[in-house]
file my_file21.pdb (PDB, C-alpha atoms, pLDDT in the B column)
ATOM      1  CA  MET A 292    -105.619 -66.388  27.675  1.00 89.00           C
ATOM      2  CA  MET A 293    -104.020 -64.048  30.202  1.00 93.00           C
ATOM      3  CA  GLU A 294    -101.039 -62.029  29.038  1.00 96.00           C
ATOM      4  CA  ARG A 295     -99.336 -62.701  32.388  1.00 96.00           C
ATOM      5  CA  TYR A 296    -100.164 -64.067  35.818  1.00 97.00           C
ATOM      6  CA  ARG A 297     -98.523 -64.853  39.152  1.00 97.00           C
ATOM      7  CA  THR A 298     -98.390 -68.388  40.472  1.00 98.00           C
ATOM      8  CA  VAL A 299     -95.817 -70.643  42.173  1.00 98.00           C
ATOM      9  CA  ARG A 300     -92.995 -72.597  40.590  1.00 97.00           C
ATOM     10  CA  GLY A 301     -93.901 -75.902  42.197  1.00 97.00           C
ATOM     11  CA  SER A 302     -94.984 -77.763  45.278  1.00 97.00           C
ATOM     12  CA  GLY A 303     -93.454 -76.939  48.637  1.00 97.00           C
ATOM     13  CA  GLN A 304     -94.030 -76.963  52.343  1.00 97.00           C
ATOM     14  CA  LEU A 305     -92.839 -74.973  55.334  1.00 98.00           C
ATOM     15  CA  GLU A 306     -93.562 -75.417  59.030  1.00 98.00           C
ATOM     16  CA  ILE A 307     -94.057 -72.729  61.651  1.00 98.00           C
ATOM     17  CA  VAL A 308     -94.810 -73.098  65.373  1.00 97.00           C
ATOM     18  CA  ILE A 309     -97.281 -70.818  67.137  1.00 96.00           C
ATOM     19  CA  LYS A 310     -97.903 -71.309  70.853  1.00 96.00           C
ATOM     20  CA  LYS A 311     -96.786 -74.940  70.645  1.00 96.00           C
ATOM     21  CA  SER A 312     -99.124 -75.747  67.739  1.00 97.00           C
ATOM     22  CA  ARG A 313     -97.390 -76.854  64.532  1.00 98.00           C
ATOM     23  CA  PHE A 314     -98.711 -75.308  61.343  1.00 98.00           C
ATOM     24  CA  ILE A 315     -97.406 -76.822  58.113  1.00 98.00           C
ATOM     25  CA  GLY A 316     -98.172 -74.885  54.945  1.00 98.00           C
ATOM     26  CA  HIS A 317     -98.345 -76.940  51.745  1.00 98.00           C
ATOM     27  CA  ILE A 318     -98.778 -75.512  48.253  1.00 98.00           C
ATOM     28  CA  MET A 319     -99.212 -76.866  44.738  1.00 98.00           C
ATOM     29  CA  PRO A 320     -99.755 -75.184  41.342  1.00 98.00           C
ATOM     30  CA  VAL A 321    -102.965 -76.582  39.809  1.00 98.00           C
ATOM     31  CA  THR A 322    -104.896 -75.983  36.616  1.00 96.00           C
ATOM     32  CA  THR A 323    -108.134 -77.854  37.396  1.00 97.00           C
ATOM     33  CA  GLU A 324    -110.358 -78.370  40.403  1.00 98.00           C
ATOM     34  CA  GLU A 325    -109.712 -82.101  40.170  1.00 98.00           C
ATOM     35  CA  GLU A 326    -105.981 -81.480  40.623  1.00 98.00           C
ATOM     36  CA  ALA A 327    -106.671 -79.245  43.638  1.00 98.00           C
ATOM     37  CA  ILE A 328    -108.931 -81.820  45.289  1.00 98.00           C
ATOM     38  CA  ALA A 329    -106.427 -84.613  44.650  1.00 98.00           C
ATOM     39  CA  PHE A 330    -103.650 -82.520  46.214  1.00 98.00           C
ATOM     40  CA  ILE A 331    -105.750 -81.757  49.304  1.00 98.00           C
ATOM     41  CA  ASP A 332    -106.743 -85.414  49.660  1.00 98.00           C
ATOM     42  CA  ASP A 333    -103.093 -86.446  49.390  1.00 98.00           C
ATOM     43  CA  ILE A 334    -102.071 -84.073  52.188  1.00 98.00           C
ATOM     44  CA  LYS A 335    -104.924 -85.354  54.343  1.00 98.00           C
ATOM     45  CA  LYS A 336    -103.724 -88.922  53.844  1.00 98.00           C
ATOM     46  CA  LYS A 337    -100.146 -88.018  54.710  1.00 98.00           C
ATOM     47  CA  HIS A 338    -101.259 -86.084  57.791  1.00 98.00           C
ATOM     48  CA  TRP A 339    -104.181 -88.288  58.778  1.00 98.00           C
ATOM     49  CA  ASN A 340    -103.385 -87.826  62.472  1.00 98.00           C
ATOM     50  CA  ALA A 341    -103.280 -84.011  62.323  1.00 98.00           C
ATOM     51  CA  THR A 342    -105.848 -81.993  64.246  1.00 97.00           C
ATOM     52  CA  HIS A 343    -106.930 -80.134  61.093  1.00 98.00           C
ATOM     53  CA  ASN A 344    -106.043 -79.912  57.407  1.00 98.00           C
ATOM     54  CA  CYS A 345    -107.547 -76.600  56.312  1.00 98.00           C
ATOM     55  CA  SER A 346    -107.419 -75.573  52.682  1.00 98.00           C
ATOM     56  CA  ALA A 347    -108.274 -73.148  49.911  1.00 98.00           C
ATOM     57  CA  TYR A 348    -107.713 -72.943  46.192  1.00 98.00           C
ATOM     58  CA  MET A 349    -108.330 -70.478  43.390  1.00 98.00           C
ATOM     59  CA  ILE A 350    -108.342 -71.487  39.729  1.00 98.00           C
ATOM     60  CA  GLY A 351    -109.143 -69.865  36.407  1.00 96.00           C
ATOM     61  CA  GLU A 352    -108.319 -66.850  34.298  1.00 94.00           C
ATOM     62  CA  ARG A 353    -110.967 -64.820  36.116  1.00 95.00           C
ATOM     63  CA  ASP A 354    -110.627 -66.765  39.380  1.00 97.00           C
ATOM     64  CA  GLU A 355    -113.840 -68.589  38.513  1.00 97.00           C
ATOM     65  CA  ILE A 356    -113.240 -71.426  40.980  1.00 98.00           C
ATOM     66  CA  GLN A 357    -112.703 -70.444  44.612  1.00 98.00           C
ATOM     67  CA  LYS A 358    -113.145 -72.954  47.417  1.00 98.00           C
ATOM     68  CA  GLN A 359    -112.155 -73.087  51.072  1.00 98.00           C
ATOM     69  CA  SER A 360    -112.463 -75.464  54.003  1.00 98.00           C
ATOM     70  CA  ASP A 361    -112.125 -74.900  57.749  1.00 98.00           C
ATOM     71  CA  ASP A 362    -111.912 -78.675  58.313  1.00 98.00           C
ATOM     72  CA  GLY A 363    -113.401 -78.457  61.800  1.00 97.00           C
ATOM     73  CA  GLU A 364    -111.895 -75.160  62.922  1.00 98.00           C
ATOM     74  CA  PRO A 365    -114.393 -72.432  63.904  1.00 97.00           C
ATOM     75  CA  SER A 366    -116.142 -71.058  60.822  1.00 97.00           C
ATOM     76  CA  GLY A 367    -114.157 -68.396  59.004  1.00 97.00           C
ATOM     77  CA  THR A 368    -110.931 -68.841  60.999  1.00 98.00           C
ATOM     78  CA  ALA A 369    -108.955 -71.072  58.613  1.00 98.00           C
ATOM     79  CA  GLY A 370    -110.130 -71.586  55.032  1.00 98.00           C
ATOM     80  CA  LYS A 371    -111.110 -67.972  54.478  1.00 98.00           C
ATOM     81  CA  PRO A 372    -107.798 -66.523  55.728  1.00 98.00           C
ATOM     82  CA  ILE A 373    -105.913 -68.941  53.469  1.00 98.00           C
ATOM     83  CA  LEU A 374    -108.010 -67.870  50.473  1.00 98.00           C
ATOM     84  CA  GLU A 375    -107.504 -64.201  51.338  1.00 98.00           C
ATOM     85  CA  VAL A 376    -103.738 -64.705  51.291  1.00 98.00           C
ATOM     86  CA  ILE A 377    -103.982 -66.182  47.783  1.00 98.00           C
ATOM     87  CA  LYS A 378    -106.016 -63.160  46.687  1.00 98.00           C
ATOM     88  CA  ASN A 379    -103.789 -60.613  48.388  1.00 98.00           C
ATOM     89  CA  GLN A 380    -100.702 -62.157  46.794  1.00 97.00           C
ATOM     90  CA  GLN A 381    -102.542 -61.993  43.437  1.00 97.00           C
ATOM     91  CA  LEU A 382    -101.848 -65.643  42.716  1.00 98.00           C
ATOM     92  CA  LYS A 383    -103.724 -67.818  40.268  1.00 97.00           C
ATOM     93  CA  ASN A 384    -104.058 -71.577  39.865  1.00 98.00           C
ATOM     94  CA  VAL A 385    -102.794 -72.587  43.290  1.00 98.00           C
ATOM     95  CA  ALA A 386    -104.031 -74.811  46.107  1.00 98.00           C
ATOM     96  CA  ILE A 387    -102.889 -74.467  49.711  1.00 98.00           C
ATOM     97  CA  VAL A 388    -103.341 -76.754  52.698  1.00 98.00           C
ATOM     98  CA  VAL A 389    -102.346 -75.678  56.192  1.00 98.00           C
ATOM     99  CA  THR A 390    -101.992 -78.654  58.494  1.00 98.00           C
ATOM    100  CA  ARG A 391    -102.319 -78.090  62.243  1.00 98.00           C
ATOM    101  CA  TYR A 392    -101.070 -80.270  65.055  1.00 98.00           C
ATOM    102  CA  PHE A 393    -102.607 -78.867  68.221  1.00 97.00           C
ATOM    103  CA  GLY A 394    -100.065 -78.008  70.903  1.00 95.00           C
ATOM    104  CA  GLY A 395    -102.403 -77.641  73.868  1.00 95.00           C
ATOM    105  CA  ILE A 396    -102.852 -73.850  73.933  1.00 96.00           C
ATOM    106  CA  MET A 397    -106.091 -72.333  72.621  1.00 94.00           C
ATOM    107  CA  LEU A 398    -105.507 -69.481  70.159  1.00 96.00           C
ATOM    108  CA  GLY A 399    -108.949 -67.933  69.976  1.00 96.00           C
ATOM    109  CA  ALA A 400    -110.605 -66.799  66.738  1.00 97.00           C
ATOM    110  CA  GLY A 401    -108.198 -63.923  66.131  1.00 97.00           C
ATOM    111  CA  GLY A 402    -105.198 -66.089  66.877  1.00 97.00           C
ATOM    112  CA  LEU A 403    -106.403 -68.801  64.517  1.00 98.00           C
ATOM    113  CA  ILE A 404    -106.922 -66.323  61.688  1.00 98.00           C
ATOM    114  CA  ARG A 405    -103.401 -64.989  62.143  1.00 98.00           C
ATOM    115  CA  ALA A 406    -101.946 -68.497  62.400  1.00 98.00           C
ATOM    116  CA  TYR A 407    -103.600 -69.788  59.240  1.00 98.00           C
ATOM    117  CA  THR A 408    -102.669 -66.579  57.445  1.00 98.00           C
ATOM    118  CA  ASP A 409     -99.044 -67.104  58.452  1.00 98.00           C
ATOM    119  CA  GLY A 410     -99.250 -70.760  57.449  1.00 98.00           C
ATOM    120  CA  ALA A 411    -100.494 -69.817  53.985  1.00 98.00           C
ATOM    121  CA  VAL A 412     -97.746 -67.209  53.603  1.00 98.00           C
ATOM    122  CA  ALA A 413     -95.192 -69.851  54.600  1.00 98.00           C
ATOM    123  CA  ALA A 414     -96.569 -72.223  51.957  1.00 98.00           C
ATOM    124  CA  ILE A 415     -96.255 -69.557  49.261  1.00 98.00           C
ATOM    125  CA  GLU A 416     -92.697 -68.854  50.332  1.00 98.00           C
ATOM    126  CA  ALA A 417     -91.926 -72.555  49.940  1.00 98.00           C
ATOM    127  CA  GLY A 418     -93.558 -72.729  46.502  1.00 98.00           C
ATOM    128  CA  LYS A 419     -91.603 -69.686  45.205  1.00 98.00           C
ATOM    129  CA  VAL A 420     -93.679 -67.069  43.398  1.00 98.00           C
ATOM    130  CA  ILE A 421     -93.089 -66.664  39.662  1.00 98.00           C
ATOM    131  CA  THR A 422     -94.732 -64.702  36.860  1.00 98.00           C
ATOM    132  CA  LYS A 423     -95.768 -66.562  33.724  1.00 97.00           C
ATOM    133  CA  VAL A 424     -95.920 -64.572  30.482  1.00 97.00           C
ATOM    134  CA  LEU A 425     -97.837 -65.626  27.379  1.00 98.00           C
ATOM    135  CA  HIS A 426     -95.688 -66.066  24.257  1.00 98.00           C
ATOM    136  CA  ARG A 427     -96.471 -67.002  20.674  1.00 98.00           C
ATOM    137  CA  GLU A 428     -94.598 -69.447  18.473  1.00 98.00           C
ATOM    138  CA  VAL A 429     -93.456 -67.760  15.275  1.00 98.00           C
ATOM    139  CA  PHE A 430     -91.747 -69.995  12.715  1.00 98.00           C
ATOM    140  CA  VAL A 431     -89.347 -68.193  10.386  1.00 98.00           C
ATOM    141  CA  GLU A 432     -88.263 -70.148   7.313  1.00 98.00           C
ATOM    142  CA  LEU A 433     -85.393 -68.655   5.350  1.00 97.00           C
ATOM    143  CA  ASP A 434     -82.366 -69.391   3.217  1.00 97.00           C
ATOM    144  CA  TYR A 435     -79.120 -70.283   4.961  1.00 97.00           C
ATOM    145  CA  THR A 436     -77.566 -67.035   3.743  1.00 96.00           C
ATOM    146  CA  TRP A 437     -79.794 -65.154   6.219  1.00 97.00           C
ATOM    147  CA  LEU A 438     -79.135 -67.388   9.216  1.00 96.00           C
ATOM    148  CA  GLY A 439     -76.154 -65.634  10.789  1.00 96.00           C
ATOM    149  CA  LYS A 440     -77.650 -62.157  10.482  1.00 96.00           C
ATOM    150  CA  VAL A 441     -81.051 -63.165  11.852  1.00 97.00           C
ATOM    151  CA  GLU A 442     -79.581 -65.125  14.760  1.00 97.00           C
ATOM    152  CA  ASN A 443     -77.378 -62.175  15.716  1.00 97.00           C
ATOM    153  CA  GLU A 444     -80.337 -59.796  15.607  1.00 97.00           C
ATOM    154  CA  LEU A 445     -82.456 -62.164  17.703  1.00 97.00           C
ATOM    155  CA  ARG A 446     -79.702 -62.383  20.317  1.00 96.00           C
ATOM    156  CA  GLY A 447     -79.290 -58.634  20.295  1.00 97.00           C
ATOM    157  CA  ARG A 448     -82.984 -58.161  20.979  1.00 96.00           C
ATOM    158  CA  GLU A 449     -82.979 -60.991  23.523  1.00 95.00           C
ATOM    159  CA  VAL A 450     -85.814 -62.781  21.742  1.00 96.00           C
ATOM    160  CA  ARG A 451     -86.659 -66.166  23.251  1.00 97.00           C
ATOM    161  CA  THR A 452     -86.075 -68.964  20.752  1.00 97.00           C
ATOM    162  CA  GLY A 453     -86.831 -72.663  20.481  1.00 96.00           C
ATOM    163  CA  GLU A 454     -85.567 -75.415  18.221  1.00 96.00           C
ATOM    164  CA  THR A 455     -84.049 -74.775  14.801  1.00 97.00           C
ATOM    165  CA  ALA A 456     -84.875 -77.145  11.932  1.00 97.00           C
ATOM    166  CA  PHE A 457     -82.368 -77.670   9.123  1.00 97.00           C
ATOM    167  CA  THR A 458     -83.639 -78.967   5.758  1.00 96.00           C
ATOM    168  CA  ASP A 459     -83.177 -77.382   2.330  1.00 96.00           C
ATOM    169  CA  LYS A 460     -83.937 -74.187   4.217  1.00 97.00           C
ATOM    170  CA  VAL A 461     -83.608 -73.312   7.898  1.00 98.00           C
ATOM    171  CA  THR A 462     -86.609 -72.761  10.150  1.00 98.00           C
ATOM    172  CA  LEU A 463     -86.164 -70.795  13.368  1.00 98.00           C
ATOM    173  CA  THR A 464     -88.675 -71.100  16.186  1.00 98.00           C
ATOM    174  CA  CYS A 465     -89.044 -67.667  17.748  1.00 98.00           C
ATOM    175  CA  LEU A 466     -91.078 -67.015  20.879  1.00 98.00           C
ATOM    176  CA  PRO A 467     -91.894 -63.326  21.288  1.00 98.00           C
ATOM    177  CA  PRO A 468     -94.408 -62.168  23.918  1.00 97.00           C
ATOM    178  CA  ASP A 469     -97.882 -62.734  22.473  1.00 98.00           C
ATOM    179  CA  SER A 470     -98.725 -59.040  22.698  1.00 97.00           C
ATOM    180  CA  GLU A 471     -95.701 -58.231  20.514  1.00 97.00           C
ATOM    181  CA  THR A 472     -96.330 -60.843  17.816  1.00 98.00           C
ATOM    182  CA  GLU A 473     -97.532 -58.460  15.121  1.00 98.00           C
ATOM    183  CA  ALA A 474     -94.626 -56.060  15.631  1.00 98.00           C
ATOM    184  CA  PHE A 475     -92.155 -58.966  15.719  1.00 98.00           C
ATOM    185  CA  ILE A 476     -93.388 -60.363  12.409  1.00 98.00           C
ATOM    186  CA  ALA A 477     -93.165 -56.917  10.809  1.00 98.00           C
ATOM    187  CA  TRP A 478     -89.596 -56.567  12.098  1.00 98.00           C
ATOM    188  CA  ILE A 479     -88.506 -59.995  10.802  1.00 97.00           C
ATOM    189  CA  THR A 480     -90.130 -59.313   7.445  1.00 97.00           C
ATOM    190  CA  ASP A 481     -88.231 -56.043   7.156  1.00 97.00           C
ATOM    191  CA  LEU A 482     -84.976 -57.589   8.403  1.00 97.00           C
ATOM    192  CA  THR A 483     -85.082 -60.329   5.763  1.00 97.00           C
ATOM    193  CA  GLN A 484     -86.325 -57.972   3.051  1.00 96.00           C
ATOM    194  CA  GLY A 485     -89.456 -60.031   2.677  1.00 96.00           C
ATOM    195  CA  GLN A 486     -87.507 -63.172   1.826  1.00 96.00           C
ATOM    196  CA  SER A 487     -88.671 -65.259   4.805  1.00 97.00           C
ATOM    197  CA  ARG A 488     -91.764 -67.383   5.166  1.00 97.00           C
ATOM    198  CA  ILE A 489     -93.446 -66.702   8.499  1.00 98.00           C
ATOM    199  CA  THR A 490     -96.151 -68.768  10.168  1.00 98.00           C
ATOM    200  CA  GLU A 491     -97.656 -68.589  13.655  1.00 98.00           C
ATOM    201  CA  GLY A 492     -97.959 -71.515  16.040  1.00 97.00           C
ATOM    202  CA  GLN A 493     -99.489 -72.041  19.449  1.00 98.00           C
ATOM    203  CA  ARG A 494     -99.463 -69.810  22.510  1.00 98.00           C
ATOM    204  CA  LEU A 495     -97.270 -70.945  25.392  1.00 97.00           C
ATOM    205  CA  TYR A 496     -96.469 -69.667  28.872  1.00 97.00           C
ATOM    206  CA  PHE A 497     -92.886 -69.135  30.003  1.00 97.00           C
ATOM    207  CA  ILE A 498     -91.493 -67.951  33.307  1.00 97.00           C
ATOM    208  CA  GLU A 499     -90.542 -64.286  33.220  1.00 96.00           C
ATOM    209  CA  GLY A 500     -86.808 -63.711  33.398  1.00 90.00           C
ATOM    210  CA  GLU A 501     -85.821 -67.253  32.456  1.00 90.00           C
TER     211      GLU A 501
END

call {"tool": "encode", "arguments": {"input": "my_file21.pdb", "output": "structure tokens"}}
result
Amino acid sequence: MMERYRTVRGSGQLEIVIKKSRFIGHIMPVTTEEEAIAFIDDIKKKHWNATHNCSAYMIGERDEIQKQSDDGEPSGTAGKPILEVIKNQQLKNVAIVVTRYFGGIMLGAGGLIRAYTDGAVAAIEAGKVITKVLHREVFVELDYTWLGKVENELRGREVRTGETAFTDKVTLTCLPPDSETEAFIAWITDLTQGQSRITEGQRLYFIEGE
């Protein structure tokens, strides 16, 4: 799993007008090709009367899945520019559709490339770029006498935390960055003088800064 990657927060759309043609950029975060195809098909249904619905998506830790479609525009003038924007913005797991309603003025190949590039940029702006960082669940079981001290130290270090379970002992769910897991466990062990029981859970992505 990637330590961090850039994607978008959610779906969004933004319209721009270029020489009387309307270009509507749509974006959606996706994790599978099936999700990307379903998103593209949905936009095509909503904009069934558009001149073109051109698209591109890139999915996978190593960008294994990359597809593009000119949807009737001259080859290389729509899908490829959209895909290049995704690459240049270093985004992963996103699908973009740029819908065009022809306004009566021909743009030429260069004009189309610029228009679809701008449409893709508009879509990304609407989706809001975020960075997701990989974290690891670390469960810390300890006696109640340690709770106040450990919670204060976690706050002081600004460690992300999850739910706390209260039974005969207390179990804190800590969520340090995955790359810092080993150091975090060593720190907690030292802090509690070896009197805590520590187990690791699953890896999860969280939005950086939130």

call {"tool": "resolve_selection", "arguments": {"input": "my_file21.pdb", "expression": "the PyMOL selection byres ((chain A and resi 405) around 12)", "output": "PyMOL selection string"}}
result
chain A and resi 309+314+367-373+375-376+398-404+406-412

call {"tool": "resolve_selection", "arguments": {"input": "my_file21.pdb", "expression": "the PyMOL selection byres ((chain A and resi 464) around 8)", "output": "PyMOL selection string"}}
result
chain A and resi 428-431+452-455+462-463+465-466

call {"tool": "atom_distance", "arguments": {"input": "my_file21.pdb", "atom1": "atom CA of Ala417 of chain A", "atom2": "atom CA of Met397 of chain A"}}
result
26.7 Å

call {"tool": "resolve_selection", "arguments": {"input": "my_file21.pdb", "expression": "the PyMOL selection byres ((chain A and resi 470) around 9)", "output": "PyMOL selection string"}}
result
chain A and resi 294+425-427+467-469+471-474

call {"tool": "closest_residue", "arguments": {"input": "my_file21.pdb", "among": "A:Asp333, A:Thr483, A:Ala414, A:Lys358", "to": "Gly439 of chain A", "atoms": "all atoms listed in the file"}}
result
A:Thr483

call {"tool": "atom_distance", "arguments": {"input": "my_file21.pdb", "atom1": "atom CA of His343 of chain A", "atom2": "atom CA of Met319 of chain A"}}
result
18.4 Å

call {"tool": "closest_residue", "arguments": {"input": "my_file21.pdb", "among": "A:Leu495, A:Ile377, A:Ala386, A:Met292", "to": "Glu325 of chain A", "atoms": "all atoms listed in the file"}}
result
A:Ala386

call {"tool": "closest_residue", "arguments": {"input": "my_file21.pdb", "among": "A:Lys311, A:Lys336, A:Arg300, A:Arg353", "to": "Lys419 of chain A", "atoms": "only C-alpha atoms"}}
result
A:Arg300

call {"tool": "residues_around", "arguments": {"input": "my_file21.pdb", "residues": "Trp437 of chain A", "least_positions_apart": "5", "cutoff": "10 Å", "atoms": "all atoms listed in the file", "output": "list in words"}}
result
Glu432, Glu442, Val461, Leu482, Thr483, Gln486 and Ser487 of chain A

call {"tool": "residues_near_point", "arguments": {"input": "my_file21.pdb", "point": "(-105.6, -73.1, 44.3)", "cutoff": "8 Å", "atoms": "only C-alpha atoms", "output": "list in words"}}
result
Met319, Pro320, Val321, Ala327, Ala347, Tyr348, Met349, Ile350, Gln357, Ile377, Lys383, Asn384, Val385, Ala386 and Ile387 of chain A

call {"tool": "write_last_selection", "arguments": {"input": "my_file21.pdb", "atoms": "C-alpha atoms", "output": "mmCIF file, keeping the file's coordinate frame"}}
result
data_model
loop_
_atom_site.group_PDB
_atom_site.id
_atom_site.type_symbol
_atom_site.label_atom_id
_atom_site.label_comp_id
_atom_site.auth_asym_id
_atom_site.auth_seq_id
_atom_site.Cartn_x
_atom_site.Cartn_y
_atom_site.Cartn_z
ATOM 1 C CA MET A 319 -99.212 -76.866 44.738
ATOM 2 C CA PRO A 320 -99.755 -75.184 41.342
ATOM 3 C CA VAL A 321 -102.965 -76.582 39.809
ATOM 4 C CA ALA A 327 -106.671 -79.245 43.638
ATOM 5 C CA ALA A 347 -108.274 -73.148 49.911
ATOM 6 C CA TYR A 348 -107.713 -72.943 46.192
ATOM 7 C CA MET A 349 -108.330 -70.478 43.390
ATOM 8 C CA ILE A 350 -108.342 -71.487 39.729
ATOM 9 C CA GLN A 357 -112.703 -70.444 44.612
ATOM 10 C CA ILE A 377 -103.982 -66.182 47.783
ATOM 11 C CA LYS A 383 -103.724 -67.818 40.268
ATOM 12 C CA ASN A 384 -104.058 -71.577 39.865
ATOM 13 C CA VAL A 385 -102.794 -72.587 43.290
ATOM 14 C CA ALA A 386 -104.031 -74.811 46.107
ATOM 15 C CA ILE A 387 -102.889 -74.467 49.711
#

call {"tool": "atom_distance", "arguments": {"input": "my_file21.pdb", "atom1": "atom CA of Ser346 of chain A", "atom2": "atom CA of Asp362 of chain A"}}
result
7.8 Å

call {"tool": "axis_aligned_box", "arguments": {"input": "my_file21.pdb", "around": "segment 339-351 of chain A", "padding_each_side": "6 Å", "output": "AutoDock Vina command-line options"}}
result
--center_x -106.2 --center_y -79.1 --center_z 50.3 --size_x 17.9 --size_y 30.4 --size_z 39.8

call {"tool": "residues_around", "arguments": {"input": "my_file21.pdb", "residues": "Thr390 of chain A", "least_positions_apart": "2", "cutoff": "7 Å", "atoms": "all atoms listed in the file", "output": "count of residues only"}}
result
9

call {"tool": "closest_residue", "arguments": {"input": "my_file21.pdb", "among": "A:Ala477, A:Met293, A:Leu438, A:Ile421", "to": "Gln380 of chain A", "atoms": "only C-alpha atoms"}}
result
A:Ile421

call {"tool": "closest_residue", "arguments": {"input": "my_file21.pdb", "among": "A:Leu445, A:Ile415, A:Leu374, A:Ile356", "to": "Thr323 of chain A", "atoms": "only C-alpha atoms"}}
result
A:Ile356

call {"tool": "closest_residue", "arguments": {"input": "my_file21.pdb", "among": "A:Gly492, A:Lys460, A:Ser312, A:Lys423", "to": "Thr436 of chain A", "atoms": "all atoms listed in the file"}}
result
A:Lys460
